[in-house]
Amino acid sequence: KYFSPLSWSEYFEAMEDVEVENDNAKDISFTVAPISHGPVLLLLHGGGHSALSWAVFTAVIYNRINCRVVAMDLRAHGDTKVKNSDDLSAETMAKDIGKVVEALYGENPPPIMMIGHSMGGAIAVHTAAANHVPSLLGLCVIDVVEGTAMDALNSMQNFLRSRPKTFKSVENAIEWSVKSGQIRNVESARVSMGGQVKKCEEPLNSPGVSKSISDGIIEEEEEEEEEGESNHKRKKEDDQEVKETLYTWQIDLSKTEKYWEGWFSGLSALFLSCPVPKLLLLAGVDRLDKDLTIGQMQGKFQMQVLPQCGHAVHEDAPEKVADALASFMVRHKFTEFKEGFLW
């Protein structure tokens with residue numbers, strides 16, 4: 001099937017639950033790496049996504065350089081369970097990152113290259129600036145620029161409202177993500193979208209489920225009890241679409257609005273203040289704000305534009321992102337190319 005889901009196990013070696021101390025939160029991390037050497041790539045996904053957003057990229061980068069990979073679900077995303085899932089402040093999320101690293105590696109963490117996309121890129125910058133990851137080697141931020149992000153906040157609710165509220169199946173969600181251009185790489189969508197949606201717990205009360213769909217669900221339950229011919233016909237006439245559980249978004253991003261400004265405000269200055277080598281990867285010729293323009297002229301970070309990509313750059317073009325990151329890390333002597341890899 002063209003849009004059938006793919007399992008995380010095709011890309012990651014293990015999935016671990018990592019329990020951390022703060023408010024008894026539990027963060028899930030997907031990890032891969034049978035080798036015991038090389039720096040750790042700590043991957044932080046964007047808003048609404050999950051660790052699975054990095055699956056295809058992980059397979060590609062792992063073949064290019066010596067490294068270990070840890071992709072984690074941020075709070076309220078993916079499979080993470082936290083007591084206060086409403087607190088998505090930059091400060092809280094940055095602390096989460098530090099605590100997960102400490103839980104994984106204790107007092108002597110290996111060298112870590114932190115890589116974040118969109119919201120995850122902003123959180124990576126806040127984490128680095130607060131020195132929550134003391135063994136930090138470098139920082140890579142993917143497609144998030146303060147000026148552009150702040151300008152986009154006004155239209156973000158409209159974008160979220162424009163998305164379907166529910167899907168008939170995970171396949172349906174995968175198909176929508178590809179056809180709408182949210183994810184332009186079918187393979188990545190097939191593994192990633194499963195982390196973005198969940199089964200509706202209470203379909204009848206789910207916002208956005210239309211009356212006809214609700215009626216269909218009620219009648220489906222009746223049909224199981226009565227299994228009468230007329231009931232079967234009525235079910236078919238009223239709604240031919242809904243035959244099983246509906247899926248909805250894993251997290252209602254519209255409810256996180258109060259934190260958006262805190263993620264992105266002051267981000268450029270914070271990014272430039274981080275004392276490690278920095279790489280900024282953009283999906284298009286993004287408008288650099290004043291701080292970043294000056295910083296780039298002063299050589300404070302490396303920038304690369306990857307054209308013909310959507311916002312989910314690492315999903316749309318995992319090879320290009322892996323090439324940029326591999327050459328950056330090798331140039332800074334953070335790691336070496338894999339033996340036999342032809343650059």
# chains A, B, ... in the order shown; residues from 1 in each chain; ligands from 1

$ closest_atom_pairs --of "segment 251-272 of chain A" --to "segment 106-123 of chain A" --cutoff "10 Å" --atoms "only C-alpha atoms" --output "tab-separated table"
residue	atom	partner	partner_atom	distance
A:Trp260	CA	A:Met119	CA	8.7
A:Gly262	CA	A:Ala122	CA	9.4
A:Trp263	CA	A:Ala122	CA	5.8
A:Phe264	CA	A:Ala122	CA	6.3
A:Ser265	CA	A:Ala122	CA	9.5
A:Leu267	CA	A:Ala122	CA	6.9
A:Ser268	CA	A:Ala122	CA	9.5
A:Leu270	CA	A:Ala122	CA	9.5
A:Phe271	CA	A:Ala122	CA	8.7

$ residues_around --residues "Ser85 of chain A" --least-positions-apart "4" --cutoff "10 Å" --atoms "only C-alpha atoms" --output "list in words"
Ala25, Arg75, Ala76, His77, Thr80, Lys81 and Ile251 of chain A

$ write_last_selection --atoms "C-alpha atoms" --output "PDB file, in the first residue's frame"
ATOM      1  CA  ALA A  25       7.378  13.369  34.186  1.00  0.00           C
ATOM      2  CA  ARG A  75       6.451  16.821  26.412  1.00  0.00           C
ATOM      3  CA  ALA A  76       2.806  16.411  25.369  1.00  0.00           C
ATOM      4  CA  HIS A  77       4.008  14.919  22.068  1.00  0.00           C
ATOM      5  CA  THR A  80       5.494  11.076  26.348  1.00  0.00           C
ATOM      6  CA  LYS A  81       3.491  11.147  29.566  1.00  0.00           C
ATOM      7  CA  ILE A 251      -1.679  17.323  20.525  1.00  0.00           C
TER       8      ILE A 251
END

$ residues_around --residues "Phe57 of chain A" --least-positions-apart "6" --cutoff "7 Å" --atoms "only C-alpha atoms" --output "ChimeraX atom specification"
/A:314-315,318,322

$ closest_residue --among "A:Ala317, A:Val101, A:Met303, A:Met193" --to "Leu6 of chain A" --atoms "only C-alpha atoms"
A:Met193

$ residues_around --residues "segment 162-177 of chain A" --least-positions-apart "5" --cutoff "7 Å" --atoms "only C-alpha atoms" --output "ChimeraX atom specification"
/A:3-5,182-183,189-190,193-194,208-209,242,246-248

$ select_by_dssp --residues "segment 41-290 of chain A" --states "strand (DSSP E or B)" --output "ChimeraX atom specification"
/A:41-44,65,68-72,81,112-117,136-142,166-167,197-199,247-249,278-282

$ write_last_selection --atoms "N, CA, C and O atoms" --output "short mmCIF file (atom, residue, chain, number, x, y, z; two decimals), in the first residue's frame"
data_model
loop_
_atom_site.label_atom_id
_atom_site.label_comp_id
_atom_site.auth_asym_id
_atom_site.auth_seq_id
_atom_site.Cartn_x
_atom_site.Cartn_y
_atom_site.Cartn_z
N LEU A 41 23.90 12.35 18.44
CA LEU A 41 23.05 13.35 17.81
C LEU A 41 21.74 13.34 18.57
O LEU A 41 21.01 12.34 18.57
N LEU A 42 21.44 14.44 19.26
CA LEU A 42 20.21 14.55 20.04
C LEU A 42 19.21 15.33 19.19
O LEU A 42 19.40 16.51 18.90
N LEU A 43 18.14 14.65 18.76
CA LEU A 43 17.22 15.20 17.78
C LEU A 43 15.90 15.65 18.42
O LEU A 43 15.25 14.85 19.10
N LEU A 44 15.54 16.90 18.19
CA LEU A 44 14.33 17.48 18.79
C LEU A 44 13.36 17.89 17.68
O LEU A 44 13.68 18.74 16.84
N ILE A 65 28.33 8.97 8.92
CA ILE A 65 29.34 9.30 9.92
C ILE A 65 29.24 8.37 11.12
O ILE A 65 28.21 7.74 11.35
N ARG A 68 26.04 8.17 17.33
CA ARG A 68 24.90 7.54 17.97
C ARG A 68 23.73 8.51 17.80
O ARG A 68 23.95 9.71 17.66
N VAL A 69 22.52 8.00 17.80
CA VAL A 69 21.37 8.88 17.60
C VAL A 69 20.36 8.68 18.72
O VAL A 69 20.01 7.55 19.05
N VAL A 70 19.90 9.77 19.30
CA VAL A 70 18.80 9.74 20.26
C VAL A 70 17.77 10.77 19.80
O VAL A 70 18.06 11.96 19.73
N ALA A 71 16.59 10.29 19.43
CA ALA A 71 15.49 11.19 19.09
C ALA A 71 14.45 11.05 20.19
O ALA A 71 14.06 9.95 20.53
N MET A 72 14.04 12.16 20.77
CA MET A 72 13.09 12.06 21.88
C MET A 72 11.76 12.76 21.56
O MET A 72 11.71 13.70 20.77
N LYS A 81 4.52 10.94 28.56
CA LYS A 81 3.49 11.15 29.57
C LYS A 81 4.07 12.06 30.65
O LYS A 81 5.08 11.73 31.25
N ILE A 112 27.75 15.71 22.68
CA ILE A 112 26.39 15.76 22.10
C ILE A 112 26.27 16.89 21.09
O ILE A 112 26.63 18.03 21.37
N MET A 113 25.77 16.54 19.92
CA MET A 113 25.41 17.52 18.90
C MET A 113 23.89 17.63 18.93
O MET A 113 23.19 16.64 18.69
N MET A 114 23.37 18.81 19.26
CA MET A 114 21.93 18.97 19.39
C MET A 114 21.35 19.55 18.08
O MET A 114 21.86 20.54 17.56
N ILE A 115 20.30 18.90 17.59
CA ILE A 115 19.70 19.28 16.31
C ILE A 115 18.20 19.43 16.51
O ILE A 115 17.53 18.51 17.00
N GLY A 116 17.65 20.58 16.16
CA GLY A 116 16.23 20.81 16.38
C GLY A 116 15.56 21.41 15.17
O GLY A 116 16.13 22.25 14.47
N HIS A 117 14.31 20.97 14.94
CA HIS A 117 13.52 21.48 13.81
C HIS A 117 12.39 22.36 14.33
O HIS A 117 11.65 21.95 15.23
N LEU A 136 27.82 19.64 25.35
CA LEU A 136 27.38 20.06 24.03
C LEU A 136 28.56 20.37 23.10
O LEU A 136 29.44 21.16 23.45
N LEU A 137 28.55 19.73 21.93
CA LEU A 137 29.59 19.96 20.91
C LEU A 137 29.20 21.08 19.97
O LEU A 137 30.01 21.93 19.62
N GLY A 138 27.96 21.00 19.49
CA GLY A 138 27.51 21.95 18.48
C GLY A 138 26.00 21.99 18.45
O GLY A 138 25.31 21.21 19.11
N LEU A 139 25.48 22.92 17.63
CA LEU A 139 24.05 23.17 17.58
C LEU A 139 23.63 23.32 16.12
O LEU A 139 24.26 24.06 15.36
N CYS A 140 22.58 22.62 15.73
CA CYS A 140 22.04 22.74 14.38
C CYS A 140 20.55 23.06 14.49
O CYS A 140 19.80 22.33 15.12
N VAL A 141 20.15 24.18 13.88
CA VAL A 141 18.77 24.62 13.93
C VAL A 141 18.20 24.55 12.51
O VAL A 141 18.81 25.06 11.57
N ILE A 142 17.06 23.89 12.37
CA ILE A 142 16.47 23.66 11.05
C ILE A 142 15.19 24.46 10.86
O ILE A 142 14.20 24.25 11.57
N THR A 166 -10.20 15.23 12.02
CA THR A 166 -10.11 13.78 12.24
C THR A 166 -9.75 13.08 10.93
O THR A 166 -9.90 13.65 9.84
N PHE A 167 -9.25 11.86 11.08
CA PHE A 167 -8.93 11.01 9.94
C PHE A 167 -9.59 9.65 10.15
O PHE A 167 -9.71 9.19 11.28
N VAL A 197 -0.70 11.41 15.16
CA VAL A 197 -2.13 11.21 15.40
C VAL A 197 -2.36 10.10 16.43
O VAL A 197 -1.45 9.32 16.72
N LYS A 198 -3.57 10.09 16.97
CA LYS A 198 -3.93 9.07 17.96
C LYS A 198 -5.41 8.72 17.75
O LYS A 198 -6.16 9.47 17.12
N LYS A 199 -5.82 7.59 18.28
CA LYS A 199 -7.24 7.21 18.21
C LYS A 199 -8.06 8.18 19.04
O LYS A 199 -7.64 8.57 20.14
N TYR A 247 -9.24 8.89 13.98
CA TYR A 247 -7.97 9.36 14.53
C TYR A 247 -7.98 10.87 14.55
O TYR A 247 -8.56 11.51 13.67
N THR A 248 -7.36 11.44 15.57
CA THR A 248 -7.25 12.89 15.66
C THR A 248 -5.80 13.25 15.99
O THR A 248 -4.95 12.37 16.19
N TRP A 249 -5.51 14.55 16.07
CA TRP A 249 -4.13 14.97 16.33
C TRP A 249 -3.69 14.59 17.74
O TRP A 249 -4.48 14.70 18.69
N LYS A 278 27.84 26.51 15.23
CA LYS A 278 26.40 26.52 14.94
C LYS A 278 26.15 26.40 13.43
O LYS A 278 26.87 26.98 12.63
N LEU A 279 25.09 25.66 13.11
CA LEU A 279 24.67 25.47 11.72
C LEU A 279 23.18 25.80 11.63
O LEU A 279 22.37 25.32 12.42
N LEU A 280 22.82 26.65 10.65
CA LEU A 280 21.43 27.00 10.41
C LEU A 280 21.04 26.49 9.03
O LEU A 280 21.65 26.87 8.02
N LEU A 281 20.07 25.59 8.98
CA LEU A 281 19.59 25.04 7.71
C LEU A 281 18.19 25.58 7.44
O LEU A 281 17.31 25.48 8.30
N LEU A 282 18.01 26.16 6.24
CA LEU A 282 16.73 26.78 5.90
C LEU A 282 16.12 26.14 4.68
O LEU A 282 16.83 25.68 3.78
#

$ closest_residue --among "A:Val20, A:Met297, A:Ala14, A:Val60" --to "Lys338 of chain A" --atoms "only C-alpha atoms"
A:Val60

$ residues_around --residues "Asp252 of chain A" --least-positions-apart "3" --cutoff "9 Å" --atoms "only C-alpha atoms" --output "VMD selection string"
chain A and resid 48 160 249 255 to 256

$ closest_residue --among "A:His332, A:Lys300, A:Arg64, A:Arg287" --to "Asp151 of chain A" --atoms "only C-alpha atoms"
A:Arg287

$ select_by_dssp --residues "segment 4-223 of chain A" --states "alpha helix (DSSP H)" --output "ChimeraX atom specification"
/A:55-64,90-105,119-129,146-162,170-179,186-192,211-223
